[in-house]
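One file, upload13.txt, is given below (compact mmCIF, C-alpha atoms and all ligand atoms).
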# COMPACT_ATOMS: atom_id res chain seq x y z
CA MET A 8 33.95 -130.12 37.32
CA GLY A 9 30.33 -131.25 36.78
CA ILE A 10 27.94 -129.75 34.23
CA PRO A 11 26.08 -127.50 36.73
CA GLU A 12 29.38 -125.97 37.88
CA LYS A 13 30.51 -125.39 34.31
CA ILE A 14 27.18 -123.69 33.57
CA LYS A 15 27.58 -121.47 36.60
CA GLU A 16 31.11 -120.52 35.54
CA ILE A 17 30.03 -119.47 32.04
CA GLU A 18 27.03 -117.57 33.38
CA GLU A 19 29.37 -115.64 35.68
CA GLU A 20 31.70 -114.86 32.83
CA MET A 21 28.82 -113.66 30.64
CA LYS A 22 27.64 -111.33 33.38
CA LYS A 23 31.09 -109.77 33.57
CA THR A 24 31.48 -109.36 29.81
CA GLN A 25 30.25 -106.18 28.19
CA ILE A 26 28.61 -106.83 24.87
CA ASN A 27 30.10 -104.76 22.07
CA LYS A 28 31.67 -105.20 18.64
CA ARG A 29 34.98 -106.25 20.21
CA THR A 30 33.51 -108.95 22.46
CA GLU A 31 30.90 -110.27 19.99
CA HIS A 32 32.95 -113.28 19.00
CA HIS A 33 33.74 -114.22 22.59
CA VAL A 34 30.11 -113.80 23.69
CA GLY A 35 28.88 -115.89 20.75
CA LEU A 36 31.11 -118.78 21.85
CA LEU A 37 30.03 -118.44 25.47
CA LYS A 38 26.37 -118.56 24.44
CA ALA A 39 27.00 -121.69 22.37
CA LYS A 40 28.85 -123.41 25.22
CA LEU A 41 26.07 -122.51 27.64
CA ALA A 42 23.31 -123.75 25.34
CA LYS A 43 25.19 -126.99 24.71
CA LEU A 44 25.82 -127.60 28.43
CA ARG A 45 22.19 -126.89 29.30
CA ALA A 46 21.03 -129.37 26.66
CA ASP A 47 23.48 -131.97 28.01
CA LEU A 48 22.26 -131.36 31.54
CA GLU A 49 18.66 -131.73 30.45
CA LYS A 50 19.42 -135.01 28.71
CA SER A 51 21.01 -136.39 31.85
CA THR A 52 18.17 -135.29 34.15
CA SER A 53 15.07 -135.60 31.98
CA SER A 54 14.59 -139.21 33.05
CA LYS A 55 14.32 -138.08 36.65
CA GLY A 56 11.71 -135.79 38.20
CA GLY A 57 9.30 -133.53 36.37
CA GLY A 58 6.63 -136.20 36.51
CA GLN A 59 4.89 -137.90 33.62
CA ALA A 60 4.07 -135.93 30.51
CA PHE A 61 0.44 -134.88 30.12
CA GLU A 62 -1.54 -137.18 27.88
CA VAL A 63 -2.82 -135.18 24.97
CA ARG A 64 -4.23 -136.56 21.80
CA LYS A 65 -3.92 -134.01 19.05
CA GLY A 66 -7.04 -133.61 17.01
CA GLY A 67 -8.64 -131.39 14.42
CA ASP A 68 -6.97 -129.12 11.90
CA ALA A 69 -4.79 -127.25 14.42
CA THR A 70 -3.96 -127.24 18.11
CA ILE A 71 -3.86 -124.12 20.25
CA VAL A 72 -2.56 -124.08 23.83
CA LEU A 73 -3.44 -121.56 26.52
CA ILE A 74 -0.37 -120.37 28.41
CA GLY A 75 -0.50 -117.91 31.28
CA LEU A 76 0.06 -117.46 34.98
CA PRO A 77 -2.55 -118.85 37.39
CA SER A 78 -5.99 -117.18 37.53
CA VAL A 79 -5.62 -115.03 34.43
CA GLY A 80 -8.73 -116.66 32.93
CA LYS A 81 -7.43 -119.44 30.67
CA SER A 82 -10.19 -121.88 31.59
CA THR A 83 -12.83 -119.18 31.17
CA ILE A 84 -11.53 -118.56 27.63
CA LEU A 85 -11.59 -122.28 26.80
CA ASN A 86 -15.16 -122.61 28.04
CA ARG A 87 -16.29 -119.60 25.99
CA LEU A 88 -14.62 -120.64 22.75
CA THR A 89 -15.39 -124.36 22.85
CA ASN A 90 -17.84 -126.95 24.09
CA ALA A 91 -15.54 -127.81 27.03
CA LYS A 92 -16.28 -127.28 30.71
CA SER A 93 -13.03 -126.60 32.50
CA LYS A 94 -13.28 -125.67 36.17
CA VAL A 95 -13.12 -121.91 36.83
CA ALA A 96 -12.38 -120.50 40.29
CA ALA A 97 -10.93 -117.43 41.96
CA TYR A 98 -7.91 -119.26 43.41
CA ALA A 99 -4.59 -120.14 41.75
CA PHE A 100 -3.95 -123.57 40.22
CA THR A 101 -7.58 -124.43 39.66
CA THR A 102 -6.71 -126.35 36.52
CA LEU A 103 -4.42 -129.30 37.28
CA THR A 104 -4.29 -131.14 34.00
CA VAL A 105 -4.91 -130.70 30.27
CA VAL A 106 -8.50 -129.98 29.32
CA PRO A 107 -9.26 -130.14 25.59
CA GLY A 108 -12.07 -128.47 23.67
CA ILE A 109 -12.94 -128.04 20.00
CA MET A 110 -13.78 -124.72 18.37
CA ARG A 111 -15.50 -124.88 14.99
CA HIS A 112 -14.70 -121.89 12.82
CA ASN A 113 -14.90 -121.40 9.05
CA GLY A 114 -15.39 -125.14 8.64
CA ALA A 115 -12.22 -125.98 10.57
CA ASP A 116 -12.02 -127.94 13.80
CA ILE A 117 -9.55 -126.15 16.02
CA GLN A 118 -8.48 -127.93 19.16
CA ILE A 119 -7.84 -125.72 22.18
CA LEU A 120 -6.00 -127.08 25.21
CA ASP A 121 -6.45 -125.50 28.62
CA LEU A 122 -3.47 -126.04 30.89
CA PRO A 123 -2.43 -125.39 34.49
CA GLY A 124 -0.97 -121.93 35.07
CA ILE A 125 2.79 -121.59 34.91
CA ILE A 126 4.99 -119.52 37.19
CA SER A 127 8.40 -117.97 36.90
CA GLY A 128 10.95 -120.81 36.80
CA ALA A 129 8.50 -123.16 35.08
CA SER A 130 10.97 -124.11 32.34
CA SER A 131 13.39 -125.38 34.97
CA GLY A 132 10.66 -127.45 36.55
CA ARG A 133 8.87 -125.22 39.06
CA GLY A 134 5.23 -126.08 39.61
CA ARG A 135 5.36 -128.89 37.06
CA GLY A 136 6.06 -126.17 34.54
CA ARG A 137 8.05 -128.36 32.17
CA ARG A 138 5.08 -130.68 31.74
CA VAL A 139 2.86 -127.75 30.88
CA LEU A 140 5.34 -126.15 28.53
CA SER A 141 6.14 -129.37 26.71
CA VAL A 142 2.51 -129.45 25.57
CA ALA A 143 3.09 -126.01 24.06
CA ARG A 144 6.05 -127.38 22.10
CA ASN A 145 3.65 -129.49 20.07
CA ALA A 146 1.09 -126.78 19.40
CA ASP A 147 0.49 -124.89 16.17
CA LEU A 148 -0.32 -121.71 18.05
CA VAL A 149 0.35 -120.55 21.58
CA MET A 150 -2.19 -118.20 23.10
CA LEU A 151 -0.40 -116.11 25.73
CA VAL A 152 -2.93 -114.87 28.27
CA LEU A 153 -2.31 -111.86 30.51
CA ASP A 154 -4.36 -110.42 33.35
CA VAL A 155 -5.18 -106.76 32.75
CA PHE A 156 -3.64 -105.86 36.10
CA GLN A 157 -0.41 -107.76 35.43
CA PRO A 158 0.81 -106.93 31.92
CA GLY A 159 4.39 -107.32 33.17
CA GLN A 160 3.81 -111.08 33.20
CA LEU A 161 4.44 -111.08 29.47
CA LYS A 162 8.19 -111.05 30.13
CA THR A 163 7.90 -114.13 32.34
CA LEU A 164 5.84 -115.98 29.74
CA LEU A 165 8.20 -115.15 26.89
CA HIS A 166 11.22 -116.11 28.97
CA GLU A 167 9.77 -119.46 30.05
CA ILE A 168 8.67 -120.53 26.59
CA HIS A 169 12.00 -119.42 25.13
CA GLU A 170 13.83 -121.53 27.70
CA MET A 171 11.74 -124.52 26.60
CA GLY A 172 13.13 -124.18 23.09
CA ILE A 173 9.94 -122.63 21.71
CA ARG A 174 10.44 -119.77 19.25
CA VAL A 175 7.33 -117.71 18.67
CA ASN A 176 6.53 -115.81 15.49
CA GLN A 177 9.90 -116.61 13.91
CA ARG A 178 10.66 -118.57 10.79
CA PRO A 179 13.21 -121.37 11.22
CA PRO A 180 16.48 -119.81 9.98
CA ASP A 181 17.43 -120.92 6.46
CA VAL A 182 20.67 -122.72 7.27
CA THR A 183 21.88 -126.05 5.91
CA ILE A 184 24.63 -127.96 7.68
CA ASN A 185 26.46 -130.95 6.26
CA ARG A 186 28.91 -132.77 8.48
CA ALA A 187 32.06 -134.44 7.17
CA ASN A 188 35.03 -136.25 8.74
CA LYS A 189 37.84 -134.14 7.36
CA GLY A 190 38.68 -131.16 5.19
CA GLY A 191 37.74 -128.35 7.55
CA LEU A 192 34.58 -126.30 7.54
CA SER A 193 33.44 -124.25 4.56
CA VAL A 194 31.06 -121.36 5.18
CA THR A 195 28.87 -120.15 2.32
CA THR A 196 26.49 -117.22 2.64
CA THR A 197 23.93 -116.09 0.08
CA CYS A 198 23.28 -112.76 1.77
CA LYS A 199 25.25 -110.21 3.75
CA LEU A 200 25.67 -111.24 7.38
CA THR A 201 25.57 -108.21 9.66
CA LYS A 202 25.56 -110.02 12.99
CA LEU A 203 28.10 -112.83 12.54
CA THR A 204 31.65 -113.17 11.24
CA PRO A 205 33.00 -116.37 9.62
CA ALA A 206 35.27 -116.86 12.64
CA THR A 207 32.32 -116.74 15.06
CA ILE A 208 30.30 -119.10 12.88
CA LYS A 209 33.16 -121.60 12.88
CA GLY A 210 33.73 -121.19 16.62
CA ILE A 211 30.07 -121.78 17.48
CA MET A 212 29.91 -124.80 15.19
CA GLU A 213 32.99 -126.27 16.80
CA VAL A 214 31.31 -126.07 20.21
CA TYR A 215 28.67 -128.36 18.71
CA GLY A 216 31.33 -130.70 17.34
CA VAL A 217 31.09 -129.59 13.72
CA SER A 218 34.65 -128.84 12.59
CA ASN A 219 34.43 -130.44 9.16
CA GLY A 220 31.83 -130.14 6.44
CA SER A 221 29.87 -127.22 5.09
CA VAL A 222 27.32 -124.70 6.21
CA VAL A 223 25.15 -122.66 3.86
CA ILE A 224 23.48 -119.61 5.41
CA ARG A 225 20.67 -117.88 3.50
CA ASP A 226 19.42 -115.50 6.22
CA ASP A 227 21.07 -112.67 8.11
CA ILE A 228 21.06 -114.72 11.32
CA SER A 229 22.33 -113.95 14.82
CA ASP A 230 24.52 -116.12 17.05
CA ASP A 231 21.39 -117.24 18.95
CA GLN A 232 19.74 -118.36 15.72
CA LEU A 233 22.79 -120.38 14.67
CA ILE A 234 22.77 -122.05 18.09
CA ASP A 235 19.06 -122.79 17.62
CA VAL A 236 19.82 -124.55 14.33
CA LEU A 237 22.70 -126.54 15.83
CA SER A 238 20.66 -127.60 18.85
CA GLY A 239 18.18 -129.22 16.47
CA SER A 240 15.36 -129.25 19.02
CA ARG A 241 13.73 -125.86 18.63
CA ARG A 242 10.04 -125.56 17.84
CA TYR A 243 8.76 -122.68 15.74
CA VAL A 244 5.16 -121.77 16.54
CA SER A 245 2.99 -118.71 16.10
CA SER A 246 1.45 -116.89 19.00
CA VAL A 247 -1.44 -114.59 19.84
CA LEU A 248 -1.30 -112.27 22.83
CA VAL A 249 -4.48 -111.79 24.84
CA LEU A 250 -5.22 -109.31 27.62
CA ASN A 251 -8.12 -110.62 29.70
CA LYS A 252 -10.47 -109.00 32.25
CA VAL A 253 -10.55 -105.61 30.52
CA ASP A 254 -14.06 -105.17 31.95
CA LEU A 255 -12.33 -104.21 35.20
CA VAL A 256 -10.53 -101.15 33.81
CA ASN A 257 -11.34 -97.92 31.95
CA ASN A 258 -9.96 -96.76 28.60
CA GLN A 259 -7.35 -94.55 30.15
CA TYR A 260 -5.91 -97.50 32.07
CA LEU A 261 -6.02 -99.65 28.94
CA ASP A 262 -4.06 -97.05 26.99
CA ALA A 263 -1.34 -97.09 29.65
CA VAL A 264 -1.20 -100.90 29.48
CA LYS A 265 -0.92 -100.70 25.68
CA LYS A 266 2.17 -98.53 26.05
CA GLU A 267 3.66 -100.85 28.62
CA ILE A 268 3.15 -104.02 26.58
CA GLY A 269 4.45 -102.38 23.42
CA GLU A 270 3.18 -105.09 21.09
CA ASP A 271 -0.05 -106.08 19.46
CA PHE A 272 -2.63 -107.83 21.68
CA VAL A 273 -6.34 -108.61 21.73
CA PRO A 274 -8.18 -107.05 24.69
CA ILE A 275 -11.02 -109.29 25.91
CA ALA A 276 -13.28 -109.94 28.86
CA ALA A 277 -13.86 -113.67 28.55
CA GLU A 278 -16.30 -113.84 31.42
CA LYS A 279 -18.44 -111.10 29.87
CA ASP A 280 -18.15 -112.52 26.34
CA ALA A 281 -16.57 -109.24 25.27
CA ASN A 282 -14.47 -109.06 22.11
CA LEU A 283 -14.20 -112.82 21.65
CA ASP A 284 -15.14 -112.45 17.97
CA GLN A 285 -12.05 -110.35 17.44
CA LEU A 286 -9.96 -112.98 19.23
CA VAL A 287 -11.31 -115.74 16.99
CA GLU A 288 -10.56 -113.68 13.88
CA LYS A 289 -7.03 -113.04 15.13
CA ILE A 290 -6.54 -116.77 15.72
CA TRP A 291 -7.84 -117.56 12.24
CA ASP A 292 -5.56 -114.99 10.59
CA THR A 293 -2.55 -116.20 12.53
CA LEU A 294 -3.13 -119.86 11.67
CA ASN A 295 -2.94 -118.75 8.02
CA PHE A 296 -5.17 -121.48 6.61
CA ILE A 297 -6.91 -121.73 3.29
CA ARG A 298 -10.28 -123.40 2.70
CA ILE A 299 -10.70 -125.58 -0.37
CA TYR A 300 -14.20 -126.52 -1.52
CA LEU A 301 -14.09 -129.78 -3.40
CA LYS A 302 -16.45 -130.35 -6.29
CA ARG A 303 -16.95 -133.62 -8.12
CA PRO A 304 -16.97 -133.30 -11.93
CA ASP A 305 -20.73 -133.79 -12.02
CA GLY A 306 -21.68 -132.33 -8.64
CA GLU A 307 -21.97 -129.19 -6.53
CA PRO A 308 -19.14 -127.77 -4.41
CA ASP A 309 -19.12 -128.89 -0.77
CA PHE A 310 -19.36 -125.59 1.07
CA GLU A 311 -20.13 -127.31 4.37
CA LYS A 312 -16.88 -129.15 4.88
CA PRO A 313 -13.91 -127.45 3.24
CA LEU A 314 -10.48 -129.03 3.32
CA ILE A 315 -8.27 -126.96 5.62
CA LEU A 316 -4.66 -126.54 4.47
CA PRO A 317 -1.75 -124.19 5.20
CA ALA A 318 -1.52 -121.14 2.94
CA GLY A 319 0.80 -121.85 0.02
CA SER A 320 -0.50 -125.40 -0.47
CA THR A 321 -0.64 -126.76 -4.02
CA LEU A 322 -3.33 -128.91 -5.60
CA MET A 323 -0.97 -131.84 -5.07
CA ASP A 324 -1.24 -131.11 -1.34
CA VAL A 325 -5.01 -131.06 -1.76
CA CYS A 326 -4.87 -134.54 -3.35
CA LYS A 327 -2.67 -135.82 -0.51
CA ARG A 328 -5.16 -134.51 2.02
CA ILE A 329 -8.06 -136.24 0.28
CA HIS A 330 -6.13 -139.51 0.51
CA PRO A 331 -2.41 -140.35 0.27
CA ARG A 332 -3.20 -142.72 -2.61
CA PHE A 333 -5.39 -140.17 -4.40
CA THR A 334 -2.29 -138.50 -5.89
CA GLU A 335 -1.52 -141.56 -8.00
CA GLY A 336 -4.22 -141.20 -10.63
CA ALA A 337 -4.66 -137.42 -10.38
CA LYS A 338 -3.68 -135.57 -13.58
CA TYR A 339 -4.93 -131.98 -13.59
CA ALA A 340 -7.69 -129.87 -12.07
CA TYR A 341 -10.40 -127.31 -12.77
CA VAL A 342 -10.35 -124.37 -10.40
CA SER A 343 -12.70 -121.45 -9.73
CA GLY A 344 -11.66 -118.72 -7.33
CA SER A 345 -9.06 -116.09 -6.69
CA SER A 346 -6.04 -118.21 -7.63
CA VAL A 347 -7.10 -118.39 -11.30
CA LYS A 348 -7.98 -115.90 -14.04
CA PHE A 349 -11.42 -117.32 -14.90
CA ALA A 350 -13.87 -119.77 -13.37
CA GLY A 351 -13.27 -123.39 -14.26
CA GLN A 352 -9.71 -122.79 -15.44
CA ARG A 353 -7.70 -125.92 -16.15
CA VAL A 354 -4.43 -126.04 -14.18
CA GLY A 355 -1.67 -128.50 -13.29
CA LEU A 356 -1.37 -130.04 -9.85
CA GLU A 357 1.62 -127.81 -9.01
CA HIS A 358 -0.82 -124.85 -9.02
CA VAL A 359 -0.86 -122.95 -5.71
CA ALA A 360 -4.39 -122.76 -4.37
CA ALA A 361 -5.99 -119.75 -2.66
CA ASP A 362 -8.53 -119.43 0.14
CA LYS A 363 -12.06 -120.48 -0.96
CA ASP A 364 -11.00 -122.01 -4.26
CA ILE A 365 -13.46 -124.50 -5.71
CA VAL A 366 -11.45 -127.45 -6.98
CA THR A 367 -12.24 -130.44 -9.17
CA ILE A 368 -9.43 -132.96 -9.43
CA MET A 369 -9.42 -134.88 -12.73
CA ARG A 370 -8.02 -138.38 -13.04
N1 LIG A 401 -13.74 -109.66 35.82
C1 LIG A 401 -13.38 -110.73 35.11
N2 LIG A 401 -13.04 -111.87 35.74
C2 LIG A 401 -12.68 -112.93 35.00
C3 LIG A 401 -12.65 -112.87 33.59
N3 LIG A 401 -12.25 -114.07 33.14
C4 LIG A 401 -12.05 -114.85 34.21
N4 LIG A 401 -12.31 -114.17 35.36
C5 LIG A 401 -12.21 -114.68 36.75
O1 LIG A 401 -10.85 -114.97 37.04
C6 LIG A 401 -10.76 -116.09 37.91
C7 LIG A 401 -9.84 -117.15 37.33
O2 LIG A 401 -10.40 -117.68 36.15
P1 LIG A 401 -9.94 -119.08 35.55
O3 LIG A 401 -10.57 -119.19 34.19
O4 LIG A 401 -10.18 -120.18 36.51
O5 LIG A 401 -8.38 -118.80 35.41
P2 LIG A 401 -7.21 -119.81 34.97
O6 LIG A 401 -6.22 -119.01 34.22
O7 LIG A 401 -7.79 -120.99 34.27
O8 LIG A 401 -6.59 -120.24 36.37
P3 LIG A 401 -5.70 -121.56 36.75
O9 LIG A 401 -6.40 -122.76 36.24
O10 LIG A 401 -5.67 -121.53 38.24
O11 LIG A 401 -4.36 -121.35 36.15
C8 LIG A 401 -12.19 -116.59 38.12
O12 LIG A 401 -12.67 -116.09 39.34
C9 LIG A 401 -12.95 -116.00 36.95
O13 LIG A 401 -14.30 -115.78 37.26
C10 LIG A 401 -13.03 -111.63 32.96
O14 LIG A 401 -13.05 -111.49 31.73
N5 LIG A 401 -13.37 -110.61 33.76
MG MG A 402 -7.69 -122.93 34.71

Encoded form (structure tokens):
Amino acid sequence: MGIPEKIKEIEEEMKKTQINKRTEHHVGLLKAKLAKLRADLEKSTSSKGGGQAFEVRKGGDATIVLIGLPSVGKSTILNRLTNAKSKVAAYAFTTLTVVPGIMRHNGADIQILDLPGIISGASSGRGRGRRVLSVARNADLVMLVLDVFQPGQLKTLLHEIHEMGIRVNQRPPDVTINRANKGGLSVTTTCKLTKLTPATIKGIMEVYGVSNGSVVIRDDISDDQLIDVLSGSRRYVSSVLVLNKVDLVNNQYLDAVKKEIGEDFVPIAAEKDANLDQLVEKIWDTLNFIRIYLKRPDGEPDFEKPLILPAGSTLMDVCKRIHPRFTEGAKYAYVSGSSVKFAGQRVGLEHVAADKDIVTIMR
């Protein structure tokens, strides 16, 4: 039996199986087998078809991709937020390739990539969908764009990006796996697991060829999350949901859409420039950056060009960003801002910086 037939067989069996406490173990193993077979199939076919990957050079402090069905207004959004001029038209598949633009905000250069629209089945190759979605795999943030008249498209978008191995707004599960050649598999957990039993963990790991070694689990993970870890190819990115063309509806309609979507979104009318400030703020909050103003010992802080770093960065990270070699002579720092008790406080390089700190590195 070939891989596609095996996949079909397991899919059939999953359809027939009711999911409950009694079948959990069985279903977990089926899911693992299916995920493994799909990955194997992809490996054997990825050389064929699908066409060449889009050429994208990442640039700036972060990369955002616009994902949505055709004609929802992705290119209009790009043109409004950046200096780019992507073609806008009332017919589907206006955009045929990647169009980059740069948005300057709070001293950061944020790259935004406009992409062709995707359709249902994109992750299995429809409409060159895999090429589009593989760009999203390398993004820091995915902007999911919906048309105000088609909020139900959210399900399609989430399904397609999930199928491409992209996990939105999730942390990578805290699981460490060490493989060995003999001695069986030891399972250690540092918290109570409510969704997995040791037997299911072992079974799923065996599907991925891990029968010996150890696994340490520090999160209350599900079977899907364990499979994600074992597959080793998942991408964890944040996302922002946008509802475009709200100029075409009234408040009553919008309230109904809110109920239908059931999660947080930013309502905009890109073409009318409506509510784009709120969208930019949402993007900024989601990227979770801090700005560091550098100050030389004898100079003024540089408020024009802050260093942009992920929240939680230390002063050592600041040094590395200035220059990889800069860490060598760096000894301590003076900091003013919300991460310290008083202005000009002397701290070690392990100090965690905060947004808008003014930092002087001493060597
Ligand atoms: N009323 C209204 N129309 C909009 C808005 N934004 C975009 N449009 C219109 O929607 C149509 C599609 O816009 P595009 O920006 O080309 O959409 P797209 O998502 O890039 O489409 P593809 O490249 O084909 O995937 C155009 O006719 C736009 O003028 C909006 O906020 N309000
Ligand atoms: Mg377009």

Taking a cut-off of 9 Å and counting all atoms listed in the file, can you build a table that, for each residue of chain A near ligand LIG 401 (chain A), reports the nearest atom pair and how far apart they are in Å (one decimal), sorted by chain then residue number, as a tab-separated table?
residue	atom	partner	partner_atom	distance
A:Leu73	CA	A:LIG401	O6	8.6
A:Ile74	CA	A:LIG401	O6	8.4
A:Gly75	CA	A:LIG401	O6	6.5
A:Leu76	CA	A:LIG401	O11	6.0
A:Pro77	CA	A:LIG401	O11	3.3
A:Ser78	CA	A:LIG401	O8	3.3
A:Val79	CA	A:LIG401	O6	4.0
A:Gly80	CA	A:LIG401	O5	3.3
A:Lys81	CA	A:LIG401	O6	3.8
A:Ser82	CA	A:LIG401	O7	3.7
A:Thr83	CA	A:LIG401	O3	3.8
A:Ile84	CA	A:LIG401	O3	6.7
A:Leu85	CA	A:LIG401	O3	8.1
A:Asn86	CA	A:LIG401	O3	8.4
A:Ser93	CA	A:LIG401	O7	7.9
A:Lys94	CA	A:LIG401	O4	6.3
A:Val95	CA	A:LIG401	O4	3.4
A:Ala96	CA	A:LIG401	O4	4.4
A:Ala97	CA	A:LIG401	O12	3.4
A:Tyr98	CA	A:LIG401	O10	6.1
A:Ala99	CA	A:LIG401	O10	3.9
A:Phe100	CA	A:LIG401	O10	3.3
A:Thr101	CA	A:LIG401	O10	3.8
A:Thr102	CA	A:LIG401	O9	3.6
A:Leu103	CA	A:LIG401	O9	6.9
A:Thr104	CA	A:LIG401	O9	8.9
A:Asp121	CA	A:LIG401	O7	7.4
A:Leu122	CA	A:LIG401	O9	6.9
A:Pro123	CA	A:LIG401	O11	4.8
A:Gly124	CA	A:LIG401	O11	3.6
A:Ile125	CA	A:LIG401	O11	7.3
A:Val152	CA	A:LIG401	O6	8.0
A:Leu153	CA	A:LIG401	O6	9.0
A:Asp154	CA	A:LIG401	C3	8.6
A:Asn251	CA	A:LIG401	O14	5.4
A:Lys252	CA	A:LIG401	O14	3.6
A:Val253	CA	A:LIG401	O14	6.5
A:Asp254	CA	A:LIG401	N5	5.8
A:Leu255	CA	A:LIG401	N1	5.7
A:Ile275	CA	A:LIG401	O14	6.5
A:Ala276	CA	A:LIG401	O14	3.3
A:Ala277	CA	A:LIG401	O14	3.9
A:Glu278	CA	A:LIG401	O14	4.0
A:Lys279	CA	A:LIG401	O14	5.7
A:Asp280	CA	A:LIG401	O14	7.5
A:Ala281	CA	A:LIG401	O14	7.7

Straight-line distance linking CA of Ile268 in chain A with CA of Asn176 in chain A, stated in Å to one decimal: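 CA of Asn176 in chain A lies at a distance of 16.5 Å from CA of Ile268 in chain A.
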
field: Within 12 Å of range 161-163 of chain A using all atoms listed in the file, minus same-chain residues under 4 positions, as a VMD selection string
entry: chain A and resid 74 to 76 79 125 to 130 150 to 157 167 to 170 247 to 250 264 267 to 270 272

message: Can you measure CA of His112 in chain A to CA of Asp364 in chain A for me? One decimal in Å is fine.
response: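 These atoms are spaced 17.5 Å apart.
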
message: If we count all atoms listed in the file and set the cut-off at 7 Å, which residues sit around Val359 in chain A, ignoring sequence neighbours fewer than 4 positions away in its own chain? Please answer as an NGL selection string.
response: :A and (319-322)

Include C-alpha atoms and write out the residues we just selected as a JSON list (two decimals), in the coordinates of the input.
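Contents of selection_26.json, as written:
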[["chain", "number", "residue", "atom", "x", "y", "z"],
["A", 319, "GLY", "CA", 0.80, -121.85, 0.02],
["A", 320, "SER", "CA", -0.50, -125.40, -0.47],
["A", 321, "THR", "CA", -0.64, -126.76, -4.02],
["A", 322, "LEU", "CA", -3.33, -128.91, -5.60]]

query: Interatomic distance between CA of Glu307 in chain A and CA of Gly351 in chain A?
result: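 Computed distance, CA of Glu307 in chain A to CA of Gly351 in chain A, equals 13.0 Å.
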
field: Close residues, range 16-32 of chain A itself excluded, 12 Å, all atoms listed in the file, min 6 positions apart in chain, as a PyMOL selection string
entry: chain A and resi 8-10+38-45+201-211+229-231

Output C-alpha atoms for every residue in the selection just made, as a PDB file, in the coordinates of the input.
ATOM      1  CA  MET A   8      33.950-130.120  37.320  1.00  0.00           C
ATOM      2  CA  GLY A   9      30.330-131.250  36.780  1.00  0.00           C
ATOM      3  CA  ILE A  10      27.940-129.750  34.230  1.00  0.00           C
ATOM      4  CA  LYS A  38      26.370-118.560  24.440  1.00  0.00           C
ATOM      5  CA  ALA A  39      27.000-121.690  22.370  1.00  0.00           C
ATOM      6  CA  LYS A  40      28.850-123.410  25.220  1.00  0.00           C
ATOM      7  CA  LEU A  41      26.070-122.510  27.640  1.00  0.00           C
ATOM      8  CA  ALA A  42      23.310-123.750  25.340  1.00  0.00           C
ATOM      9  CA  LYS A  43      25.190-126.990  24.710  1.00  0.00           C
ATOM     10  CA  LEU A  44      25.820-127.600  28.430  1.00  0.00           C
ATOM     11  CA  ARG A  45      22.190-126.890  29.300  1.00  0.00           C
ATOM     12  CA  THR A 201      25.570-108.210   9.660  1.00  0.00           C
ATOM     13  CA  LYS A 202      25.560-110.020  12.990  1.00  0.00           C
ATOM     14  CA  LEU A 203      28.100-112.830  12.540  1.00  0.00           C
ATOM     15  CA  THR A 204      31.650-113.170  11.240  1.00  0.00           C
ATOM     16  CA  PRO A 205      33.000-116.370   9.620  1.00  0.00           C
ATOM     17  CA  ALA A 206      35.270-116.860  12.640  1.00  0.00           C
ATOM     18  CA  THR A 207      32.320-116.740  15.060  1.00  0.00           C
ATOM     19  CA  ILE A 208      30.300-119.100  12.880  1.00  0.00           C
ATOM     20  CA  LYS A 209      33.160-121.600  12.880  1.00  0.00           C
ATOM     21  CA  GLY A 210      33.730-121.190  16.620  1.00  0.00           C
ATOM     22  CA  ILE A 211      30.070-121.780  17.480  1.00  0.00           C
ATOM     23  CA  SER A 229      22.330-113.950  14.820  1.00  0.00           C
ATOM     24  CA  ASP A 230      24.520-116.120  17.050  1.00  0.00           C
ATOM     25  CA  ASP A 231      21.390-117.240  18.950  1.00  0.00           C
TER      26      ASP A 231
END

- request: Select, from A:Ala318, A:Ala263, A:Leu120, A:Ile173, the residue with the minimum atom-to-atom distance to ligand MG 402 (chain A), counting all atoms listed in the file.
  value: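 With all atoms listed in the file as the atom set, the closest residue is A:Leu120.
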
message: Set the distance at 8 Å and use all atoms listed in the file: which residues neighbour range 212-226 of chain A once local chain neighbours fewer than 3 positions away are removed? I'd like the list as number ranges by chain.
response: A: 36, 39-40, 43, 180-198, 200, 208-209, 237

task: Could you give me, as number ranges by chain, the residues within 9 Å of range 345-349 of chain A, counting all atoms listed in the file and dropping anything in the same chain fewer than 5 positions from it?
output: A: 354, 358-364

message: Under the rule that only C-alpha atoms and all ligand atoms are counted, which of A:His330, A:Lys92, A:His33, A:Lys50 is the nearest residue to ligand MG 402 (chain A)?
response: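 Among the listed residues, the smallest separation from ligand MG 402 (chain A) belongs to A:Lys92.
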
message: Restricting the calculation to all atoms listed in the file: of A:Val106, A:Ile234, A:Leu88, A:Ile290, which residue gets closest to ligand MG 402 (chain A)?
response: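 Selected residue with least distance to ligand MG 402 (chain A): A:Val106.
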